[in-house]
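Enquirer: Let me give you the structure first, and then I'll get to my questions.
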Amino acid sequence: MLCPALEGVYNTNHSHLLKRSQLTSLRLSELAFGQMATVNAVQATAPIDPIAERLRDLGFVAGEPVRVVARGPVGADPLLIQIGFTRFALRRAEAARVLVDPAA
């Protein structure tokens, strides 16, 4: 059974629903502080989604290592995310679009 929260969400090429393996991934916004993970996919909420495209352009692509470096003081927003040697401040809503597989 598919997770109701993810039904109808497009995958990175916007043409298919998410694969079952992506349904078991965590959202980057849910990743524990300092925990390493690997990007699985960036969710697009529509066939043309500029935020998802921008995240992919910044390097959030499948297979890239990622971790949460810091959290903001109010509501843990924004998140400081490190991908490779680059750090980005992302809103929690933006980080929630990135599916990751936690490192073992």
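Each chain in the structure tokens gets a letter, A, B, ..., in the order shown, and its residues are numbered from 1; ligands are numbered from 1 in order too.
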Applying 9 Å and only C-alpha atoms, which residues near range 83-97 of chain A remain after dropping the ones on its own chain fewer than 2 positions away? List them as a JSON list (two decimals) with N, CA and C atoms, in the first residue's frame.

Expert:
```
[["chain", "number", "residue", "atom", "x", "y", "z"],
["A", 26, "LEU", "N", 13.65, 8.62, 4.06],
["A", 26, "LEU", "CA", 13.31, 9.74, 4.94],
["A", 26, "LEU", "C", 13.35, 11.03, 4.14],
["A", 27, "ARG", "N", 12.66, 12.03, 4.64],
["A", 27, "ARG", "CA", 12.80, 13.37, 4.08],
["A", 27, "ARG", "C", 14.04, 13.99, 4.72],
["A", 28, "LEU", "N", 14.73, 14.82, 3.99],
["A", 28, "LEU", "CA", 15.93, 15.47, 4.52],
["A", 28, "LEU", "C", 15.59, 16.28, 5.77],
["A", 29, "SER", "N", 14.41, 16.84, 5.82],
["A", 29, "SER", "CA", 13.99, 17.63, 6.99],
["A", 29, "SER", "C", 13.81, 16.77, 8.24],
["A", 30, "GLU", "N", 13.68, 15.45, 8.08],
["A", 30, "GLU", "CA", 13.51, 14.52, 9.20],
["A", 30, "GLU", "C", 14.83, 13.88, 9.65],
["A", 41, "ALA", "N", 16.17, 11.04, -4.12],
["A", 41, "ALA", "CA", 15.44, 11.76, -5.17],
["A", 41, "ALA", "C", 14.98, 13.10, -4.63],
["A", 42, "VAL", "N", 14.63, 13.98, -5.54],
["A", 42, "VAL", "CA", 13.99, 15.24, -5.19],
["A", 42, "VAL", "C", 12.56, 15.16, -5.70],
["A", 43, "GLN", "N", 11.61, 15.40, -4.82],
["A", 43, "GLN", "CA", 10.20, 15.33, -5.20],
["A", 43, "GLN", "C", 9.76, 16.62, -5.87],
["A", 44, "ALA", "N", 9.08, 16.46, -6.96],
["A", 44, "ALA", "CA", 8.43, 17.59, -7.62],
["A", 44, "ALA", "C", 6.94, 17.48, -7.34],
["A", 45, "THR", "N", 6.30, 18.58, -7.00],
["A", 45, "THR", "CA", 4.88, 18.55, -6.67],
["A", 45, "THR", "C", 4.00, 18.79, -7.89],
["A", 51, "ILE", "N", 11.20, 24.89, -7.77],
["A", 51, "ILE", "CA", 11.97, 24.63, -6.55],
["A", 51, "ILE", "C", 12.70, 23.29, -6.66],
["A", 52, "ALA", "N", 12.00, 22.26, -7.13],
["A", 52, "ALA", "CA", 12.64, 20.95, -7.32],
["A", 52, "ALA", "C", 13.77, 21.05, -8.34],
["A", 55, "LEU", "N", 16.77, 22.74, -6.66],
["A", 55, "LEU", "CA", 17.45, 21.82, -5.74],
["A", 55, "LEU", "C", 18.36, 20.86, -6.51],
["A", 58, "LEU", "N", 21.42, 22.61, -7.71],
["A", 58, "LEU", "CA", 22.37, 22.87, -6.63],
["A", 58, "LEU", "C", 23.16, 21.63, -6.25],
["A", 59, "GLY", "N", 22.78, 20.47, -6.76],
["A", 59, "GLY", "CA", 23.54, 19.25, -6.48],
["A", 59, "GLY", "C", 22.80, 18.18, -5.71],
["A", 60, "PHE", "N", 21.53, 18.40, -5.42],
["A", 60, "PHE", "CA", 20.74, 17.38, -4.71],
["A", 60, "PHE", "C", 20.26, 16.35, -5.73],
["A", 64, "GLU", "N", 24.32, 11.43, -4.01],
["A", 64, "GLU", "CA", 25.18, 12.42, -3.34],
["A", 64, "GLU", "C", 25.08, 12.29, -1.82],
["A", 65, "PRO", "N", 26.21, 12.33, -1.12],
["A", 65, "PRO", "CA", 26.17, 12.30, 0.35],
["A", 65, "PRO", "C", 25.69, 13.65, 0.89],
["A", 66, "VAL", "N", 24.93, 13.59, 1.98],
["A", 66, "VAL", "CA", 24.33, 14.79, 2.55],
["A", 66, "VAL", "C", 24.22, 14.64, 4.06],
["A", 67, "ARG", "N", 24.23, 15.77, 4.78],
["A", 67, "ARG", "CA", 24.00, 15.72, 6.22],
["A", 67, "ARG", "C", 23.47, 17.06, 6.70],
["A", 69, "VAL", "N", 23.88, 19.95, 9.16],
["A", 69, "VAL", "CA", 24.98, 20.50, 9.93],
["A", 69, "VAL", "C", 24.47, 21.32, 11.12],
["A", 76, "ALA", "N", 13.51, 25.26, 14.40],
["A", 76, "ALA", "CA", 14.52, 24.52, 13.63],
["A", 76, "ALA", "C", 14.49, 24.90, 12.15],
["A", 77, "ASP", "N", 14.19, 26.16, 11.87],
["A", 77, "ASP", "CA", 14.12, 26.66, 10.51],
["A", 77, "ASP", "C", 14.99, 27.89, 10.39],
["A", 78, "PRO", "N", 15.89, 28.00, 9.45],
["A", 78, "PRO", "CA", 16.21, 27.05, 8.39],
["A", 78, "PRO", "C", 17.17, 25.96, 8.85],
["A", 79, "LEU", "N", 17.42, 25.02, 7.94],
["A", 79, "LEU", "CA", 18.38, 23.94, 8.18],
["A", 79, "LEU", "C", 19.65, 24.26, 7.40],
["A", 80, "LEU", "N", 20.80, 24.01, 8.00],
["A", 80, "LEU", "CA", 22.06, 24.13, 7.29],
["A", 80, "LEU", "C", 22.43, 22.73, 6.82],
["A", 81, "ILE", "N", 22.46, 22.56, 5.51],
["A", 81, "ILE", "CA", 22.67, 21.25, 4.89],
["A", 81, "ILE", "C", 24.02, 21.26, 4.18],
["A", 99, "LEU", "N", 14.36, 13.36, -0.69],
["A", 99, "LEU", "CA", 14.30, 12.04, -0.06],
["A", 99, "LEU", "C", 15.72, 11.51, 0.08]]
```

Enquirer: Could you work out how far CA of Val68 in chain A lies from CA of Glu53 in chain A, giving the answer in Å with one decimal?

Expert: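 Going from CA of Glu53 in chain A over to CA of Val68 in chain A, I get 20.7 Å.
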
Enquirer: Name all residues at most 6 Å from Val39 in chain A (count only C-alpha atoms; drop same-chain ones fewer than 6 positions away) and give them as a PyMOL selection string.

Expert: chain A and resi 62-64+100

Enquirer: Take the residues from that selection and write them out as a tab-separated table (two decimals), in the first residue's frame, keeping C-alpha atoms.

Expert:
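Saved to out-v1.tsv:
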```
chain	number	residue	atom	x	y	z
A	62	ALA	CA	20.66	10.68	-6.45
A	63	GLY	CA	23.78	9.21	-4.86
A	64	GLU	CA	25.18	12.42	-3.34
A	100	VAL	CA	17.37	10.48	1.54
```

Enquirer: To one decimal place in Å, what is the distance between CA of Ala103 in chain A and CA of Phe33 in chain A?

Expert: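 Computing the Euclidean distance for CA of Ala103 in chain A and CA of Phe33 in chain A yields 12.9 Å.
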
Enquirer: Would you work out the distance separating CA of Gly34 in chain A from CA of Pro102 in chain A, expressed in Å to one decimal?

Expert: 11.0 Å
